[in-house]
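Note sheet for the following structure.
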Amino acid sequence: MDPEFLDWALADFSGYVAADELYDGPFCVLSAVDNRCYKRILYDVLDHDPTHEDIRAFLRRLHTALAVRGLTLRGITTDGSPLYPTPLAEVFRGVPHQLCQFHVVKDIVKAVVKAVSSERKRLAAQRAALFTARYLFVQRHLNTTERKTLWRVSRGLSQLYALRAVMEQVYALFDRRCRTQTALDKLAKLRCRLQRFPQVGETLKKLFAPTLEKALTFLDDKLLPSTSHAVERGNRRYRKMQKSVYRVRTQAQICARLALDMWREAHAEGRQQTLASLHRARAG
């Protein structure tokens with residue numbers, strides 16, 4: 001990376017980074033983004049699936065870029081990929097590693113929706129409305145009308161209403177008013193409760209996964225973002241670019257396109273000032 005660009009990207013470094021990988025045919029794009037300022041810091045394009053060694057080398061680049069500027073990494077957020085824990089523990093020893101809350105909750109939401117769908121199929125003849133209202137079981141906030149609808153479609157089906165209660169407890173785990181240990185205690189109670197209901201517990205195996213504990217790390221640091229939205233936003237721009245900007249992709253083209261995108265972001269403020277000046281001049 002050009003030192004001038006890194007100086008700009010790290011000028012107001014928040015101390016928190018989101019890292020992710022994006023697959024594009026035979027290529028893989030690694031990205032590191034400031035998780036509060038939403039500035040892409042580093043990227044790399046691989047012509048193969050990433051390994052621990054690739055992630056380790058990428059993180060060392062990030063470590064070097066921060067070290068030469070006297071900056072400290074206070075926390076890093078990734079999705080649930082097994083690529084990151086080991087290299088992160090080696091390169092950034094002692095730095096809190098947050099798993100993206102969005103990805104963890106998404107897996108649980110899928111499991112709940114799948115459970116509701118399975119129950120709907122079994123009771124299709126009697127409960128035609130159950131399929132239409134299935135997302136009420138995982139929706140975070142319900143108004144009065146939605147609660148009445150939920151009660152109506154799940155009446156007599158206690159196992160389904162229990163799924164809604166489970167989701168409310170899952171969302172409560174990520175309440176920033178709690179500390180990590182408090183959330184872990186709540187999670188332990190929830191798991192004990194599920195063990196008393198084998199049918200529901202078997203459906204929601206995701207609640208017993210160790211990744212859920214890692215998704216609660218952010219509760220002990222008010223500035224550590226709970227999601228990796230910063231890097232995901234850059235990946236969404238890249239996916240849109242895949243469809244509308246170019247069709248034939250090579251490793252060199254992907255590198256060049258990412259570099260151009262980052263330079264445009266670095267000069268965005270100057271462009272906005274120029275446009276504002278032109279508008280004022282036109283208005284007289």
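Within each chain, counting starts at residue 1; across the structure tokens, chains are named A, B, ... in the order shown, with ligands numbered 1 upward in that order.
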
- Query: Which polymer residues have any atom within 8 Å of an atom of range 91-108 of chain A, counting only C-alpha atoms, with same-chain residues fewer than 5 positions away left out, as a list of chain:residue names?
  - Reply: A:Arg56, A:Leu59, A:Arg60, A:His63, A:Leu73, A:Arg74, A:Gly75, A:Ile76, A:Thr77, A:Thr78, A:Asp79, A:Gly80, A:Pro85, A:Val170, A:Phe174, A:Leu204, A:Lys206, A:Leu207, A:Thr211, A:Leu212, A:Lys214, A:Ala215, A:Leu216, A:Thr217, A:Phe218, A:Ser226, A:Thr227, A:Ser228

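Using only C-alpha atoms, the contacts of Arg233 in chain A at a cut-off of 10 Å, with sequence neighbours closer than 5 positions omitted, comprise A:Val33, A:Tyr38, A:Ser228, A:Tyr238, A:Arg239.
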
- Can you pull out every residue within 12 Å of Asp261 in chain A, counting only C-alpha atoms, but drop anything in the same chain fewer than 3 positions away, and send it as a ChimeraX atom specification? /A:5,39-41,43,234-235,237-238,241,254-258,264-268

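Residues within 7 Å of Val153 in chain A, counting only C-alpha atoms and excluding same-chain residues fewer than 2 positions away, are Ala129, Leu130, Thr149, Leu150, Trp151 and Arg155 of chain A.
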
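With only C-alpha atoms as the basis for measurement, A:Gly15 is the residue among A:Pro210, A:Gly15, A:Pro50, A:Pro87 that approaches Leu224 in chain A most closely.
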
- Message: Please list as number ranges by chain every residue within 12 Å of Leu157 in chain A, counting only C-alpha atoms and excluding residues in the same chain fewer than 6 positions away.
- Response: A: 116, 119-120, 122-123, 126-127, 130, 150-151, 163-164
